file input-v4.cif (mmCIF, C-alpha atoms)
data_run
#
loop_
_atom_site.label_atom_id
_atom_site.label_comp_id
_atom_site.auth_asym_id
_atom_site.auth_seq_id
_atom_site.Cartn_x
_atom_site.Cartn_y
_atom_site.Cartn_z
CA MET A 42 40.96 -65.79 -26.80
CA PRO A 43 39.41 -64.03 -29.82
CA LEU A 44 41.28 -60.97 -31.03
CA HIS A 45 38.31 -58.63 -30.58
CA HIS A 46 38.29 -59.43 -26.82
CA VAL A 47 41.70 -57.79 -26.60
CA VAL A 48 41.45 -55.10 -29.26
CA VAL A 49 38.11 -53.57 -28.22
CA PRO A 50 39.07 -52.98 -24.54
CA LEU A 51 42.47 -51.67 -25.63
CA LEU A 52 40.86 -49.19 -28.04
CA MET A 53 38.42 -48.04 -25.37
CA LEU A 54 41.29 -47.47 -22.96
CA LEU A 55 43.26 -45.52 -25.55
CA LEU A 56 40.26 -43.32 -26.32
CA CYS A 57 39.47 -42.58 -22.66
CA VAL A 58 42.94 -42.03 -21.21
CA PRO A 59 43.76 -38.86 -23.20
CA ALA A 60 40.50 -37.20 -22.13
CA PHE A 61 41.30 -37.70 -18.44
CA ALA A 62 45.07 -37.27 -18.67
CA ALA A 63 44.74 -34.05 -20.64
CA ASN A 64 42.61 -32.47 -17.97
CA GLU A 65 44.99 -32.15 -15.05
CA ARG A 66 42.80 -29.35 -13.73
CA VAL A 67 40.03 -31.84 -12.95
CA VAL A 68 42.46 -34.05 -11.06
CA ALA A 69 43.72 -31.05 -9.08
CA GLU A 70 40.16 -29.93 -8.35
CA ARG A 71 39.22 -33.36 -7.00
CA ALA A 72 42.21 -33.23 -4.64
CA ASP A 73 41.44 -29.70 -3.43
CA ASP A 74 39.72 -29.62 -0.03
CA THR A 75 38.97 -25.89 0.16
CA PRO A 76 35.26 -24.97 0.31
CA ALA A 77 33.33 -25.08 -2.95
CA THR A 78 32.73 -21.87 -4.90
CA ILE A 79 29.37 -20.23 -4.39
CA PRO A 80 29.40 -17.52 -7.08
CA LEU A 81 26.64 -15.43 -5.49
CA LYS A 82 28.44 -15.41 -2.15
CA GLU A 83 31.74 -14.46 -3.78
CA ALA A 84 30.14 -11.66 -5.79
CA LEU A 85 28.12 -10.12 -2.96
CA GLY A 86 30.52 -10.78 -0.10
CA GLU A 87 29.61 -12.69 3.07
CA PRO A 88 27.60 -9.99 4.92
CA ALA A 89 25.39 -8.99 1.95
CA PHE A 90 24.93 -12.64 0.90
CA SER A 91 23.85 -13.72 4.39
CA GLU A 92 21.50 -10.76 4.75
CA ALA A 93 19.85 -11.38 1.37
CA MET A 94 19.47 -15.12 1.88
CA SER A 95 18.12 -14.79 5.42
CA SER A 96 15.55 -12.19 4.29
CA GLY A 97 13.38 -14.92 2.73
CA ARG A 98 12.82 -12.76 -0.36
CA TYR A 99 15.15 -14.62 -2.71
CA SER A 100 14.62 -18.08 -4.17
CA TYR A 101 15.47 -19.76 -7.47
CA ALA A 102 12.66 -20.12 -10.01
CA GLY A 103 14.40 -21.85 -12.94
CA ASN A 104 14.79 -20.56 -16.47
CA LEU A 105 11.38 -21.76 -17.62
CA LYS A 106 9.97 -18.85 -15.59
CA CYS A 107 12.48 -16.49 -17.24
CA ARG A 108 11.36 -17.70 -20.66
CA MET A 109 7.87 -16.31 -20.10
CA CYS A 110 9.10 -12.71 -20.40
CA HIS A 111 12.56 -13.07 -21.91
CA LYS A 112 11.89 -15.53 -24.73
CA ASP A 113 14.49 -13.96 -27.05
CA PHE A 114 17.27 -14.42 -24.47
CA PHE A 115 16.03 -17.89 -23.55
CA LEU A 116 16.11 -19.06 -27.18
CA GLY A 117 19.30 -17.13 -27.99
CA ARG A 118 21.20 -19.00 -25.26
CA LYS A 119 20.15 -22.55 -26.20
CA GLY A 120 23.42 -23.18 -28.06
CA ASP A 121 25.54 -21.41 -25.46
CA ALA A 122 28.15 -23.34 -23.44
CA HIS A 123 26.43 -22.27 -20.20
CA ASP A 124 23.31 -24.16 -21.28
CA HIS A 125 25.42 -27.33 -21.50
CA ALA A 126 27.74 -26.79 -18.51
CA PHE A 127 26.48 -29.81 -16.57
CA GLU A 128 27.33 -32.12 -19.48
CA LYS A 129 31.02 -31.38 -18.81
CA LEU A 130 30.62 -32.82 -15.31
CA ILE A 131 28.99 -35.94 -16.69
CA GLU A 132 31.84 -36.35 -19.21
CA ALA A 133 34.39 -35.98 -16.39
CA ARG A 134 32.36 -38.27 -14.11
CA ASP A 135 32.05 -35.51 -11.52
CA ALA A 136 28.29 -34.84 -11.54
CA GLU A 137 28.12 -34.90 -7.73
CA SER A 138 31.30 -33.04 -6.81
CA PRO A 139 30.55 -29.93 -4.70
CA ARG A 140 33.80 -28.41 -6.00
CA CYS A 141 32.36 -28.46 -9.52
CA LEU A 142 28.64 -27.91 -8.99
CA GLY A 143 28.98 -24.25 -8.00
CA CYS A 144 30.03 -23.34 -11.54
CA HIS A 145 28.19 -26.02 -13.53
CA SER A 146 24.69 -25.67 -12.08
CA THR A 147 22.40 -22.85 -10.96
CA GLY A 148 22.48 -21.83 -7.33
CA TYR A 149 24.41 -24.75 -5.85
CA GLY A 150 25.20 -24.09 -2.20
CA VAL A 151 22.34 -21.59 -1.85
CA LYS A 152 18.99 -22.41 -0.25
CA SER A 153 16.49 -23.20 -3.05
CA GLY A 154 19.35 -23.61 -5.55
CA PHE A 155 20.54 -26.77 -7.29
CA SER A 156 21.07 -29.70 -4.92
CA SER A 157 21.02 -32.81 -7.14
CA VAL A 158 19.84 -34.10 -10.51
CA GLN A 159 17.05 -36.02 -8.76
CA GLU A 160 15.81 -33.18 -6.50
CA THR A 161 16.32 -30.06 -8.64
CA PRO A 162 16.66 -31.02 -12.32
CA ARG A 163 15.11 -27.65 -13.28
CA LEU A 164 18.37 -25.97 -12.15
CA LEU A 165 20.84 -28.02 -14.20
CA ASN A 166 23.44 -26.07 -16.17
CA VAL A 167 24.16 -22.36 -15.80
CA GLN A 168 20.84 -20.69 -16.42
CA CYS A 169 19.77 -17.04 -16.19
CA GLU A 170 19.80 -17.15 -12.37
CA GLY A 171 23.25 -18.72 -12.42
CA CYS A 172 24.53 -15.28 -13.40
CA HIS A 173 21.89 -12.98 -11.92
CA GLY A 174 21.10 -14.76 -8.68
CA PRO A 175 17.66 -15.94 -7.49
CA GLY A 176 14.82 -14.59 -9.62
CA SER A 177 11.88 -14.61 -7.20
CA GLU A 178 12.16 -10.91 -6.36
CA HIS A 179 12.53 -9.99 -10.04
CA ILE A 180 9.37 -11.96 -10.80
CA ARG A 181 7.53 -10.39 -7.85
CA ARG A 182 8.47 -6.91 -9.17
CA LEU A 183 7.13 -7.86 -12.62
CA GLY A 184 10.54 -7.66 -14.23
CA LYS A 185 11.57 -4.29 -12.83
CA GLY A 186 14.88 -4.96 -11.09
CA GLY A 187 15.08 -7.21 -8.07
CA PHE A 188 18.19 -9.16 -9.02
CA LEU A 189 21.11 -9.38 -6.66
CA ALA A 190 23.40 -9.37 -9.72
CA GLY A 191 21.35 -7.69 -12.42
CA PRO A 192 22.25 -5.29 -15.23
CA ASP A 193 21.60 -2.44 -12.80
CA ARG A 194 24.49 -3.78 -10.67
CA PRO A 195 27.22 -4.41 -13.28
CA GLU A 196 30.03 -4.61 -10.70
CA ILE A 197 28.25 -7.51 -8.93
CA LEU A 198 27.28 -9.15 -12.23
CA SER A 199 30.91 -9.03 -13.38
CA LYS A 200 32.04 -10.59 -10.08
CA MET A 201 29.51 -13.40 -10.60
CA CYS A 202 31.14 -14.19 -13.94
CA LEU A 203 34.69 -13.96 -12.61
CA SER A 204 33.99 -16.30 -9.70
CA CYS A 205 33.92 -19.17 -12.23
CA HIS A 206 35.68 -17.66 -15.24
CA ASN A 207 38.95 -17.10 -13.45
CA ALA A 208 42.63 -17.63 -14.23
CA ARG A 209 42.49 -21.13 -12.74
CA TRP A 210 39.96 -22.33 -15.31
CA ASN A 211 40.76 -19.80 -18.04
CA ARG A 212 37.37 -19.95 -19.70
CA SER A 213 36.77 -16.57 -21.37
CA PHE A 214 39.12 -15.08 -18.79
CA THR A 215 41.80 -13.77 -21.14
CA HIS A 216 39.17 -11.97 -23.24
CA PHE A 217 36.68 -11.42 -20.45
CA ASP A 218 35.55 -7.92 -21.46
CA THR A 219 34.66 -9.06 -24.99
CA ALA A 220 32.79 -12.11 -23.74
CA TYR A 221 31.02 -10.08 -21.04
CA LYS A 222 29.77 -7.48 -23.56
CA ASN A 223 28.57 -10.29 -25.81
CA TYR A 224 26.10 -11.33 -23.10
CA GLY A 225 24.31 -7.98 -23.23
CA ILE A 226 22.48 -9.02 -26.40
CA ALA A 227 19.83 -11.70 -26.76
CA THR A 228 21.55 -13.71 -29.48
CA PRO A 229 25.32 -13.45 -29.20
CA GLY A 230 27.61 -14.50 -32.02
CA THR A 231 29.01 -18.00 -31.67
CA LYS A 232 32.56 -16.69 -31.15
CA SER A 233 34.09 -13.32 -31.72
CA SER A 234 37.39 -13.22 -33.57
CA GLU A 235 38.87 -11.66 -30.40
CA GLN A 236 37.97 -14.65 -28.21
#

call {"tool": "encode", "arguments": {"input": "input-v4.cif", "output": "structure tokens"}}
result
Amino acid sequence: MPLHHVVVPLLMLLLCVPAFAANERVVAERADDTPATIPLKEALGEPAFSEAMSSGRYSYAGNLKCRMCHKDFFLGRKGDAHDHAFEKLIEARDAESPRCLGCHSTGYGVKSGFSSVQETPRLLNVQCEGCHGPGSEHIRRLGKGGFLAGPDRPEILSKMCLSCHNARWNRSFTHFDTAYKNYGIATPGTKSSEQ
């Protein structure tokens, strides 16, 4: 047997094992059978979430609609980790796991939200509505409010963030206030020295 038939597979194994072994959180998440996180539901609470979703007023539009009026934010977020959140699922081979999709896509678990790459590719990653909730009412009001978790409702907006950025995943959790304030501007710095 030629040497490269042994060496190449061995090298591939050595390169892949650390990536999976180092992320015990992913293994634990796959084994967890509790219901998947639905950030909007966690932030609003069950009664308000059910009332809003059954009203028929709220549906997801996708960030291309947001771009029409909020171009500076749209472009300012292109390098942001949220805009690449789904790639982490692909790397971990978990692109269909309901336990992961709530925090790595926009609106998973909500009617009109992300359901699959094939059916709703426009809602991949964590887009504007991933933090603010469905944008249909905001669009209908011509940009004057209408979000379930908008800047006019900072306590709900903060809860949206913390439903994914929690102690379990520790992504911007330890310096949450700094990271949260950074999202109030269109083009945030890559990383603050406090983060």

call {"tool": "resolve_selection", "arguments": {"input": "input-v4.cif", "expression": "the PyMOL selection byres ((chain A and resi 99-114) around 8)", "output": "NGL selection string"}}
result
:A and (93-94 or 96-98 or 115-118 or 148 or 152-154 or 163-164 or 168-170 or 174-178 or 226-228)

call {"tool": "resolve_selection", "arguments": {"input": "input-v4.cif", "expression": "the PyMOL selection byres ((chain A and resi 130) around 12)", "output": "ChimeraX atom specification"}}
result
/A:67,71,125-129,131-146,158,165-166

call {"tool": "atom_distance", "arguments": {"input": "input-v4.cif", "atom1": "atom CA of Arg209 of chain A", "atom2": "atom CA of Asn223 of chain A"}}
result
22.0 Å

call {"tool": "atom_distance", "arguments": {"input": "input-v4.cif", "atom1": "atom CA of Arg66 of chain A", "atom2": "atom CA of Gly86 of chain A"}}
result
26.1 Å

call {"tool": "residues_around", "arguments": {"input": "input-v4.cif", "residues": "Ser204 of chain A", "least_positions_apart": "4", "cutoff": "10 Å", "atoms": "all atoms listed in the file", "output": "JSON, numbers by chain"}}
result
{"A": [78, 79, 80, 81, 82, 83, 84, 143, 144, 199, 200, 208]}

call {"tool": "decode", "arguments": {"input": "input-v4.cif", "residues": "segment 94-118 of chain A", "atoms": "N, CA, C and O atoms", "output": "PDB file, in the first residue's frame"}}
result
ATOM      1  N   MET A  94     -48.297  36.435  17.403  1.00  0.00           N
ATOM      2  CA  MET A  94     -48.215  35.540  16.254  1.00  0.00           C
ATOM      3  C   MET A  94     -49.595  35.141  15.724  1.00  0.00           C
ATOM      4  O   MET A  94     -49.761  34.928  14.532  1.00  0.00           O
ATOM      5  N   SER A  95     -50.579  35.069  16.587  1.00  0.00           N
ATOM      6  CA  SER A  95     -51.927  34.712  16.117  1.00  0.00           C
ATOM      7  C   SER A  95     -52.665  35.910  15.524  1.00  0.00           C
ATOM      8  O   SER A  95     -53.689  35.755  14.874  1.00  0.00           O
ATOM      9  N   SER A  96     -52.133  37.124  15.709  1.00  0.00           N
ATOM     10  CA  SER A  96     -52.778  38.327  15.178  1.00  0.00           C
ATOM     11  C   SER A  96     -52.725  38.391  13.652  1.00  0.00           C
ATOM     12  O   SER A  96     -53.522  39.090  13.038  1.00  0.00           O
ATOM     13  N   GLY A  97     -51.751  37.703  13.051  1.00  0.00           N
ATOM     14  CA  GLY A  97     -51.584  37.755  11.602  1.00  0.00           C
ATOM     15  C   GLY A  97     -50.861  38.997  11.116  1.00  0.00           C
ATOM     16  O   GLY A  97     -50.674  39.186   9.917  1.00  0.00           O
ATOM     17  N   ARG A  98     -50.444  39.863  12.017  1.00  0.00           N
ATOM     18  CA  ARG A  98     -49.775  41.111  11.632  1.00  0.00           C
ATOM     19  C   ARG A  98     -48.270  40.952  11.438  1.00  0.00           C
ATOM     20  O   ARG A  98     -47.636  41.812  10.833  1.00  0.00           O
ATOM     21  N   TYR A  99     -47.698  39.900  11.986  1.00  0.00           N
ATOM     22  CA  TYR A  99     -46.239  39.784  12.005  1.00  0.00           C
ATOM     23  C   TYR A  99     -45.746  38.627  11.144  1.00  0.00           C
ATOM     24  O   TYR A  99     -46.123  37.480  11.350  1.00  0.00           O
ATOM     25  N   SER A 100     -44.877  38.958  10.188  1.00  0.00           N
ATOM     26  CA  SER A 100     -44.213  37.932   9.383  1.00  0.00           C
ATOM     27  C   SER A 100     -42.806  38.418   9.042  1.00  0.00           C
ATOM     28  O   SER A 100     -42.518  39.620   9.072  1.00  0.00           O
ATOM     29  N   TYR A 101     -41.939  37.465   8.733  1.00  0.00           N
ATOM     30  CA  TYR A 101     -40.542  37.783   8.435  1.00  0.00           C
ATOM     31  C   TYR A 101     -40.396  38.196   6.978  1.00  0.00           C
ATOM     32  O   TYR A 101     -40.955  37.565   6.086  1.00  0.00           O
ATOM     33  N   ALA A 102     -39.642  39.254   6.740  1.00  0.00           N
ATOM     34  CA  ALA A 102     -39.449  39.795   5.400  1.00  0.00           C
ATOM     35  C   ALA A 102     -38.060  39.468   4.837  1.00  0.00           C
ATOM     36  O   ALA A 102     -37.890  39.388   3.635  1.00  0.00           O
ATOM     37  N   GLY A 103     -37.065  39.282   5.694  1.00  0.00           N
ATOM     38  CA  GLY A 103     -35.689  39.071   5.233  1.00  0.00           C
ATOM     39  C   GLY A 103     -34.943  40.385   5.174  1.00  0.00           C
ATOM     40  O   GLY A 103     -35.533  41.452   4.953  1.00  0.00           O
ATOM     41  N   ASN A 104     -33.622  40.325   5.364  1.00  0.00           N
ATOM     42  CA  ASN A 104     -32.859  41.567   5.472  1.00  0.00           C
ATOM     43  C   ASN A 104     -32.695  42.336   4.164  1.00  0.00           C
ATOM     44  O   ASN A 104     -32.288  43.490   4.183  1.00  0.00           O
ATOM     45  N   LEU A 105     -33.036  41.746   3.038  1.00  0.00           N
ATOM     46  CA  LEU A 105     -32.972  42.516   1.800  1.00  0.00           C
ATOM     47  C   LEU A 105     -34.020  43.623   1.815  1.00  0.00           C
ATOM     48  O   LEU A 105     -33.815  44.688   1.242  1.00  0.00           O
ATOM     49  N   LYS A 106     -35.132  43.397   2.490  1.00  0.00           N
ATOM     50  CA  LYS A 106     -36.146  44.451   2.670  1.00  0.00           C
ATOM     51  C   LYS A 106     -35.596  45.526   3.609  1.00  0.00           C
ATOM     52  O   LYS A 106     -35.811  46.712   3.395  1.00  0.00           O
ATOM     53  N   CYS A 107     -34.901  45.108   4.660  1.00  0.00           N
ATOM     54  CA  CYS A 107     -34.331  46.065   5.624  1.00  0.00           C
ATOM     55  C   CYS A 107     -33.332  46.985   4.934  1.00  0.00           C
ATOM     56  O   CYS A 107     -33.251  48.177   5.227  1.00  0.00           O
ATOM     57  N   ARG A 108     -32.579  46.403   4.015  1.00  0.00           N
ATOM     58  CA  ARG A 108     -31.528  47.138   3.307  1.00  0.00           C
ATOM     59  C   ARG A 108     -32.071  48.353   2.571  1.00  0.00           C
ATOM     60  O   ARG A 108     -31.381  49.358   2.418  1.00  0.00           O
ATOM     61  N   MET A 109     -33.316  48.280   2.138  1.00  0.00           N
ATOM     62  CA  MET A 109     -33.882  49.376   1.346  1.00  0.00           C
ATOM     63  C   MET A 109     -33.870  50.703   2.115  1.00  0.00           C
ATOM     64  O   MET A 109     -33.639  51.753   1.533  1.00  0.00           O
ATOM     65  N   CYS A 110     -34.109  50.650   3.420  1.00  0.00           N
ATOM     66  CA  CYS A 110     -34.136  51.876   4.225  1.00  0.00           C
ATOM     67  C   CYS A 110     -32.953  52.008   5.178  1.00  0.00           C
ATOM     68  O   CYS A 110     -32.641  53.111   5.620  1.00  0.00           O
ATOM     69  N   HIS A 111     -32.339  50.898   5.503  1.00  0.00           N
ATOM     70  CA  HIS A 111     -31.263  50.891   6.505  1.00  0.00           C
ATOM     71  C   HIS A 111     -29.960  50.381   5.893  1.00  0.00           C
ATOM     72  O   HIS A 111     -29.313  49.484   6.428  1.00  0.00           O
ATOM     73  N   LYS A 112     -29.599  50.961   4.768  1.00  0.00           N
ATOM     74  CA  LYS A 112     -28.423  50.514   4.017  1.00  0.00           C
ATOM     75  C   LYS A 112     -27.146  50.578   4.856  1.00  0.00           C
ATOM     76  O   LYS A 112     -26.314  49.685   4.792  1.00  0.00           O
ATOM     77  N   ASP A 113     -26.986  51.638   5.664  1.00  0.00           N
ATOM     78  CA  ASP A 113     -25.777  51.777   6.467  1.00  0.00           C
ATOM     79  C   ASP A 113     -25.641  50.630   7.473  1.00  0.00           C
ATOM     80  O   ASP A 113     -24.562  50.064   7.640  1.00  0.00           O
ATOM     81  N   PHE A 114     -26.733  50.242   8.118  1.00  0.00           N
ATOM     82  CA  PHE A 114     -26.688  49.108   9.040  1.00  0.00           C
ATOM     83  C   PHE A 114     -26.459  47.807   8.276  1.00  0.00           C
ATOM     84  O   PHE A 114     -25.689  46.959   8.697  1.00  0.00           O
ATOM     85  N   PHE A 115     -27.140  47.648   7.171  1.00  0.00           N
ATOM     86  CA  PHE A 115     -27.006  46.437   6.361  1.00  0.00           C
ATOM     87  C   PHE A 115     -25.550  46.225   5.959  1.00  0.00           C
ATOM     88  O   PHE A 115     -24.997  45.143   6.150  1.00  0.00           O
ATOM     89  N   LEU A 116     -24.916  47.257   5.424  1.00  0.00           N
ATOM     90  CA  LEU A 116     -23.519  47.147   4.994  1.00  0.00           C
ATOM     91  C   LEU A 116     -22.572  47.059   6.188  1.00  0.00           C
ATOM     92  O   LEU A 116     -21.589  46.327   6.145  1.00  0.00           O
ATOM     93  N   GLY A 117     -22.877  47.780   7.258  1.00  0.00           N
ATOM     94  CA  GLY A 117     -22.028  47.768   8.446  1.00  0.00           C
ATOM     95  C   GLY A 117     -21.972  46.424   9.147  1.00  0.00           C
ATOM     96  O   GLY A 117     -21.026  46.125   9.875  1.00  0.00           O
ATOM     97  N   ARG A 118     -22.968  45.592   8.924  1.00  0.00           N
ATOM     98  CA  ARG A 118     -23.038  44.271   9.579  1.00  0.00           C
ATOM     99  C   ARG A 118     -22.512  43.127   8.718  1.00  0.00           C
ATOM    100  O   ARG A 118     -22.486  41.988   9.161  1.00  0.00           O
TER     101      ARG A 118
END
